[in-house]
Protein chains: 2
Amino acid sequence: MKKQTTIYDIARKAKTSTATVSRVLSNSNYPVSNELKERIKEVAKELNYIPNMIGRQLKTNNSMTIGVIIPSITNPFYSSIVLGIEDIARSRGYHVLLCNSHRSSELEEEYLKTLFEKQVRGLIVSSISSNKELVEALVQKGLNVVAFDQTIEGLESSQIQFDFRKGGFLATEHLIEKGHRKIAFISSPLTRPSRLSIYEGYQQALEKYEIEVEREWIQIASREEEISERNYEFKNGIDLTKKLLQCSDLPTAIFVCNDMTAFGVMNELANQGIKVPQQMSVIGFDNIEFSQMMTPPLTTIQQPDYEMGRMACNLLLDQLDGEETKQVDIILQPKVVERQSTKVLDKVFLFK
Amino acid sequence: MKKQTTIYDIARKAKTSTATVSRVLSNSNYPVSNELKERIKEVAKELNYIPNMIGRQLKTNNSMTIGVIIPSITNPFYSSIVLGIEDIARSRGYHVLLCNSHRSSELEEEYLKTLFEKQVRGLIVSSISSNKELVEALVQKGLNVVAFDQTIEGLESSQIQFDFRKGGFLATEHLIEKGHRKIAFISSPLTRPSRLSIYEGYQQALEKYEIEVEREWIQIASREEEISERNYEFKNGIDLTKKLLQCSDLPTAIFVCNDMTAFGVMNELANQGIKVPQQMSVIGFDNIEFSQMMTPPLTTIQQPDYEMGRMACNLLLDQLDGEETKQVDIILQPKVVERQSTKVLDKVFLFK
DNA sequence: CTGTTAGCGCATTCAA
DNA sequence: TTGAATGCGCTAACAG
C-alpha cells in the first residue's frame with residue numbers, strides 16, 4: 001500500500017492547518033469561512049483524498065461498526081437474518097463485521113475476542129457456546145449485546161427470543177388436527193436450547209391429545225457436525241429418514257426440527273418412492289425462502305428471519321445511540337404456514 | 001463504552017515500560033527476560049487486558065482485514081463463495097468485512113469507498129457496476145483487488161473468471177443431445193457480461209446444430225430489481241414461465257440462466273400441471289446446493305462456488321503477503337451435472 | 001535485555 | 001474564524 005494523502009498534505013497545499021481541514025472534511029459544524037472551506041474541498045478532491053477511519057477511530061473511539069456472529073452463513077435462515085441486520089445498519093450509518101462460527105464454540109470465542117479487539121460498538125449474536133463467561137466479561141467491559149435465536153440466560157443485555165416450544169406444539173397439533181396419530185420427530189442434536197424446546201413442544205402436544213408414540217419414531221442425530229460441513233442438515237435429514245423407514249410400523253407424518261433438514265427428509269422419501277403428502281405428511285420449522293420453492297411446497301412454522309434481523313439491529317443501535325442501556329426482551333410468536341406437504345390422513349391409514 | 005485497560009496501565013502496574021509490555025503481548029520475538037515476561041502476562045490477565053487493534057493498525061498500517069463485495073447474500077451461490085473466502089481468510093489470520101451491494105451500483109461504490117476508508121488490505125469483488133473508475137482509482141492507490149464472477153476488463157488485478165459462454169453452450173447442447181429442438185431460454189436481464197455470455201453460448205449451440213427457435217421462447221426479464229427484493233429471481237422465474245406458456249407452440253425444454261430462477265420455473269410448471277421432466281425438460285446454471293434438493297433434482301451447469309471463494313482469497317492473500325503484485329487470470333471451466341430434470345424427448349413429441 | 005521517545009492520522013482543546 | 005498543540009493506543013527506532 002502506497003502512502004496515502006492525509007489531512008496534513010491537504011493543509012499544506014491549501015495553506016492552512018490540519019485542524020481546519022479536519023473541521024471541513026469531517027462535516028463538523030464548526031465555523032469555517034466559506035472561502036477556505038471551498039479551497040480545502042477543492043484540494044481534497046484534487047489529491048483524491050480518502051479519509052483514514054483508523055485515525056478517526058483511535059481519536060473518537062467510535063468505530064460505527066457492529067459485529068454479528070452466526071453459526072452458518074450458508075443456511076438461508078441466517079443469511080436472511082444478516083440481510084435484515086445489514087439493511088438497518090446501513091440505513092443508520094453503521095457497518096457490519098460478519099463472523100461465521102461454523103457451529104464451533106472455540107471459533108465463536110475467538111471471533112468474540114477479535115470483534116472486541118477491533119473495537120466494534122456492539123454485537124448481535126446467535127451463541128452456540130454454553131460457556132457464556134467471555135460474553136459476560138465483554139458486557140462487563142461495556143460491550144452492548146443483543147442475543148437472538150439462542151438466548152443467553154441471565155445475560156445483562158437485550159434478547160430477541162422465539163417461542164420454540166410453542167412452535168413445536170403448533171406443528172404437532174397441526175398434524176394431529178389432520179388426523180395423524182403416528183407422528184415421528186426428526187431432529188439435529190438437542191444440544192441447543194431452541195431445539196430442546198421444539199422437542200418439548202412436540203411432547204406436550206402428544207400428551208395433551210393423549211397420543212403415544214413409538215420410540216423409533218423419534219430420530220435425533222447424535223453428533224453435531226462442526227466446521228465446513230456444508231449441507232450437514234440436508235444429509236442429516238436423509239440419514240435419519242433412512243433409519244426411520246426401517247421401523248416395522250411406519251408413522252404417517254413427520255415433524256422435522258428445521259426446513260433444511262426437512263428437505264433431506266423429503267428427498268429421501270422421494271428416493272424411496274414414498275409420496276408427500278399422499279403417503280406421508282411432512283412439516284418443517286423456520287419457513288426459509290426455499291420452503292415455498294419445494295415440490296410440494298413445505299408446510300412449516302414461520303420464524304420471521306428477516307424481521308428478526310431488523311429488530312435485533314434496531315434494538316442494538318438504539319442502545320448505542322441512546323447511551324441508555326435499557327434491556328429489552330422480546331419473544332416472537334410462531335405460526336403455522338400451511339402449504340402442500342401435509343394433508344388430512346386418508347381413511348385407508350386410519351383403519352389400518 | 002468504559003475506559004479499557006491499555007498497555008500503559010499494565011506497564012505501570014508491572015513497573016516496566018509500555019515498550020516492553022508491547023513486545024511481550026504482541027508476541028514479538030524481541031528478547032525480554034523470562035521473569036519480566038511472566039510478570040507482564042500475569043498483570044495483563046489480572047487486568048483482563050484485551051488489545052486495541054485500532055492503535056496497532058494506525059501504527060503498523062496493517063489491518064489484517066480484507067473486504068468482500070457481493071450482489072446478494074441470500075443467494076446461496078454467493079454465500080457459498082463467501083464461505084470459501086472466509087475459510088481461507090481465517091486460516092491465514094485475516095478477517096473479512098462483508099458487503100452486500102444489493103445489485104446496486106451506487107451501494108457498491110459506497111461500500112468500495114468505505115472499505116478503503118477502513119483500510120482493508122485487499123478486496124474481493126463481484127462488481128455490478130459498469131463504471132469501473134472508482135475501482136481503478138483505488139487500485140492505483142495501492143489496493144489489491146481480485147475480481148470474480150463479473151470480471152472487470154482492463155483492470156490491473158487478478159481475476160477469477162468462469163467460461164459462461166461455454167456453460168451456456170454445454171447446457172443447450174445437453175438438451176439437443178437429448179433430442180430437443182424446441183429449446184426456450186429464460187433469463188434475468190442481460191445487463192451483466194456473465195449473463196450475456198450465457199445467452200451467446202445458447203445461440204452458438206443453436207447455430208451449430210442449425211436449430212431455429214421462436215422469438216417468444218426467449219424470455220428475458222426487462223428490469224433488474226434492486227435493493228431488498230429478496231426472492232427476486234424466483235419470482236422472475238415464475239413470471240417469465242407464465243409468459244412462455246402463453247405461446248401457441250410450446251417448447252419441450254427450457255434453459256434457465258441460473259438455478260434460483262430455475263426454481264421459479266419449475267414451481268410455475270408444477271402449478272400449471274406440467275410435469276418435469278416428462279413434459280418439459282429444465283436445465284439450470286450454477287449448481288447451488290439446493291439444486292440437488294429439488295424434486296426432481298435439477299440438471300444444471302456446475303460453477304464451483306465454494307472453491308472459487310477459496311481460490312480468490314488465496315490469490316489475494318498471496319499478493320498481500322508476498323508483496324509482489326503478479327496478476328493471475330484464471331478461467332474456470334463449466335461442466336454439466338445431469339440429474340433428473342432433463343430427459344430424452346419422447347417420440348410423441350418428436351412426431352408431433 | 002530494557003526504557004525513552006516519536007509518531008501513525010485524526011479530532012479537539014485552548015489560545016489567539 | 002483560524003492555528004498550534006495534544007493525545008487516542010500502540011509499535012519501532014534508538015539509546016543505554
# chains A, B, ... in the order shown; residues from 1 in each chain; ligands from 1

$ interface_residues --of "chain D" --to "chain A" --cutoff "12 Å" --atoms "only C-alpha atoms (C1' of nucleotides)" --output "number ranges by chain"
D: 1-10

$ write_last_selection --atoms "N, CA, C and O atoms (P, O5', C5', C4', C3', O3' and C1' of nucleotides)" --output "short mmCIF file (atom, residue, chain, number, x, y, z; two decimals), in the first residue's frame"
data_model
loop_
_atom_site.label_atom_id
_atom_site.label_comp_id
_atom_site.auth_asym_id
_atom_site.auth_seq_id
_atom_site.Cartn_x
_atom_site.Cartn_y
_atom_site.Cartn_z
P DT D 1 -17.79 32.94 11.01
"O5'" DT D 1 -16.24 32.55 11.02
"C5'" DT D 1 -15.42 33.06 10.05
"C4'" DT D 1 -14.03 32.95 10.56
"C3'" DT D 1 -13.32 31.64 10.20
"O3'" DT D 1 -12.44 31.90 9.14
"C1'" DT D 1 -12.80 32.42 12.40
P DT D 2 -11.61 30.82 8.44
"O5'" DT D 2 -10.43 30.59 9.46
"C5'" DT D 2 -9.23 31.35 9.31
"C4'" DT D 2 -8.26 30.98 10.40
"C3'" DT D 2 -7.55 29.65 10.21
"O3'" DT D 2 -6.27 29.94 9.69
"C1'" DT D 2 -8.10 30.10 12.49
P DG D 3 -5.30 28.72 9.33
"O5'" DG D 3 -4.54 28.49 10.70
"C5'" DG D 3 -3.92 29.60 11.32
"C4'" DG D 3 -3.22 29.15 12.58
"C3'" DG D 3 -2.40 27.87 12.42
"O3'" DG D 3 -1.21 28.02 13.18
"C1'" DG D 3 -4.00 27.58 14.14
P DA D 4 0.02 27.10 12.96
"O5'" DA D 4 0.58 26.95 14.44
"C5'" DA D 4 0.16 27.85 15.47
"C4'" DA D 4 0.40 27.21 16.83
"C3'" DA D 4 1.38 26.04 16.85
"O3'" DA D 4 2.07 26.08 18.09
"C1'" DA D 4 -0.77 25.27 17.48
P DA D 5 3.05 24.91 18.51
"O5'" DA D 5 2.09 24.00 19.41
"C5'" DA D 5 1.25 24.62 20.39
"C4'" DA D 5 0.54 23.54 21.20
"C3'" DA D 5 1.39 22.29 21.44
"O3'" DA D 5 1.07 21.82 22.74
"C1'" DA D 5 -0.56 21.68 20.31
P DT D 6 1.97 20.69 23.41
"O5'" DT D 6 0.87 19.57 23.71
"C5'" DT D 6 -0.35 19.96 24.35
"C4'" DT D 6 -1.35 18.84 24.20
"C3'" DT D 6 -0.78 17.44 24.46
"O3'" DT D 6 -1.56 16.83 25.46
"C1'" DT D 6 -2.03 17.47 22.46
P DG D 7 -0.96 15.60 26.27
"O5'" DG D 7 -1.84 14.40 25.71
"C5'" DG D 7 -3.26 14.51 25.68
"C4'" DG D 7 -3.81 13.44 24.78
"C3'" DG D 7 -3.13 12.06 24.92
"O3'" DG D 7 -4.12 11.07 24.94
"C1'" DG D 7 -3.14 12.69 22.69
P DC D 8 -4.04 9.82 25.83
"O5'" DC D 8 -5.04 8.80 25.15
"C5'" DC D 8 -6.39 9.16 24.83
"C4'" DC D 8 -6.80 8.46 23.56
"C3'" DC D 8 -6.19 7.08 23.39
"O3'" DC D 8 -7.11 6.10 23.87
"C1'" DC D 8 -6.08 8.37 21.35
P DG D 9 -6.70 5.09 25.00
"O5'" DG D 9 -5.79 4.08 24.18
"C5'" DG D 9 -6.39 3.17 23.28
"C4'" DG D 9 -5.28 2.42 22.55
"C3'" DG D 9 -4.32 1.67 23.48
"O3'" DG D 9 -4.31 0.31 23.07
"C1'" DG D 9 -3.13 3.01 21.92
P DC D 10 -3.28 -0.74 23.61
"O5'" DC D 10 -2.15 -0.62 22.51
"C5'" DC D 10 -2.45 -1.01 21.17
"C4'" DC D 10 -1.35 -0.57 20.25
"C3'" DC D 10 -0.01 -1.26 20.46
"O3'" DC D 10 0.09 -2.34 19.55
"C1'" DC D 10 0.21 1.09 20.01
#

$ interface_residues --of "chain B" --to "chain A" --cutoff "8 Å" --atoms "only C-alpha atoms" --output "PyMOL selection string"
chain B and resi 1-2+4+50-55+57-58+73-74+76+79-80+83+96-98+113+116-119+121+141-143+231+263-264+267+270+289+293-295

$ interface_residues --of "chain C" --to "chain A" --cutoff "10 Å" --atoms "only C-alpha atoms (C1' of nucleotides)" --output "ChimeraX atom specification"
/C:8-12

$ select_by_dssp --residues "stretch 144-185 of chain B" --states "alpha helix (DSSP H)" --output "PyMOL selection string"
chain B and resi 164-177

$ residues_around --residues "B:Leu298" --least-positions-apart "2" --cutoff "7 Å" --atoms "only C-alpha atoms (C1' of nucleotides)" --output "list in words"
Ile283, Gly284, Ser291, Gln292, Met294, Pro296, Thr300, Arg339, Gln340 and Ser341 of chain B

$ write_last_selection --atoms "N, CA, C and O atoms" --output "CSV table (one decimal), in the first residue's frame"
chain,number,residue,atom,x,y,z
B,283,ILE,N,-33.1,-27.2,-17.5
B,283,ILE,CA,-31.7,-27.2,-17.0
B,283,ILE,C,-31.4,-25.8,-16.5
B,283,ILE,O,-31.8,-24.8,-17.0
B,284,GLY,N,-30.7,-25.8,-15.4
B,284,GLY,CA,-30.3,-24.5,-14.7
B,284,GLY,C,-28.9,-24.2,-15.0
B,284,GLY,O,-28.2,-24.6,-15.9
B,291,SER,N,-30.0,-27.2,-5.6
B,291,SER,CA,-30.5,-27.8,-6.9
B,291,SER,C,-30.6,-29.3,-6.7
B,291,SER,O,-31.4,-29.9,-7.4
B,292,GLN,N,-29.8,-29.9,-5.9
B,292,GLN,CA,-29.9,-31.3,-5.6
B,292,GLN,C,-31.1,-31.6,-4.7
B,292,GLN,O,-31.5,-32.8,-4.6
B,294,MET,N,-34.1,-30.3,-4.9
B,294,MET,CA,-35.4,-30.1,-5.5
B,294,MET,C,-36.0,-31.5,-5.9
B,294,MET,O,-35.3,-32.5,-6.0
B,296,PRO,N,-38.1,-32.8,-9.2
B,296,PRO,CA,-36.9,-33.6,-9.3
B,296,PRO,C,-35.6,-32.8,-9.1
B,296,PRO,O,-35.6,-31.6,-9.4
B,300,THR,N,-28.0,-29.2,-14.1
B,300,THR,CA,-27.5,-27.8,-14.2
B,300,THR,C,-26.1,-27.8,-14.6
B,300,THR,O,-25.4,-28.8,-14.8
B,339,ARG,N,-28.9,-34.4,-13.6
B,339,ARG,CA,-29.8,-35.0,-12.6
B,339,ARG,C,-31.1,-35.4,-13.2
B,339,ARG,O,-31.1,-36.0,-14.3
B,340,GLN,N,-32.2,-35.1,-12.6
B,340,GLN,CA,-33.4,-35.7,-13.2
B,340,GLN,C,-34.4,-34.7,-13.8
B,340,GLN,O,-35.6,-35.1,-14.0
B,341,SER,N,-34.0,-33.5,-14.0
B,341,SER,CA,-35.0,-32.5,-14.6
B,341,SER,C,-34.9,-32.5,-16.1
B,341,SER,O,-35.7,-31.8,-16.7

$ select_by_dssp --residues "stretch 6-230 of chain A" --states "strand (DSSP E or B)" --output "MDAnalysis selection string"
chainID A and resid 65:70 95:100 122:125 144:148 158:162 183:187 218:220

$ write_last_selection --atoms "C-alpha atoms" --output "CSV table (one decimal), in the first residue's frame"
chain,number,residue,atom,x,y,z
A,65,THR,CA,-19.2,-0.9,13.3
A,66,ILE,CA,-21.1,-3.7,14.9
A,67,GLY,CA,-20.3,-7.3,15.0
A,68,VAL,CA,-22.5,-10.2,14.1
A,69,ILE,CA,-21.9,-13.8,14.9
A,70,ILE,CA,-24.0,-16.6,13.4
A,95,HIS,CA,-21.2,-1.2,9.2
A,96,VAL,CA,-21.3,-4.9,9.9
A,97,LEU,CA,-18.4,-7.2,10.7
A,98,LEU,CA,-19.9,-10.7,10.0
A,99,CYS,CA,-18.5,-13.8,11.6
A,100,ASN,CA,-19.4,-17.4,10.9
A,122,GLY,CA,-22.0,-3.6,19.6
A,123,LEU,CA,-22.7,-7.2,18.9
A,124,ILE,CA,-25.6,-9.3,17.6
A,125,VAL,CA,-25.1,-12.9,18.3
A,144,ASN,CA,-23.6,-3.8,24.0
A,145,VAL,CA,-25.0,-7.1,23.1
A,146,VAL,CA,-28.2,-8.3,21.5
A,147,ALA,CA,-28.7,-12.1,21.6
A,148,PHE,CA,-31.1,-13.9,19.3
A,158,SER,CA,-31.4,-7.3,25.2
A,159,GLN,CA,-32.7,-10.5,23.7
A,160,ILE,CA,-34.9,-11.5,20.8
A,161,GLN,CA,-36.4,-14.8,21.6
A,162,PHE,CA,-38.7,-17.1,19.7
A,183,ILE,CA,-46.2,-38.7,14.3
A,184,ALA,CA,-42.4,-39.0,14.0
A,185,PHE,CA,-39.9,-36.4,15.1
A,186,ILE,CA,-36.6,-35.9,13.2
A,187,SER,CA,-34.1,-33.5,14.6
A,218,ILE,CA,-38.1,-40.2,17.4
A,219,GLN,CA,-34.9,-39.8,15.4
A,220,ILE,CA,-32.3,-37.4,16.8
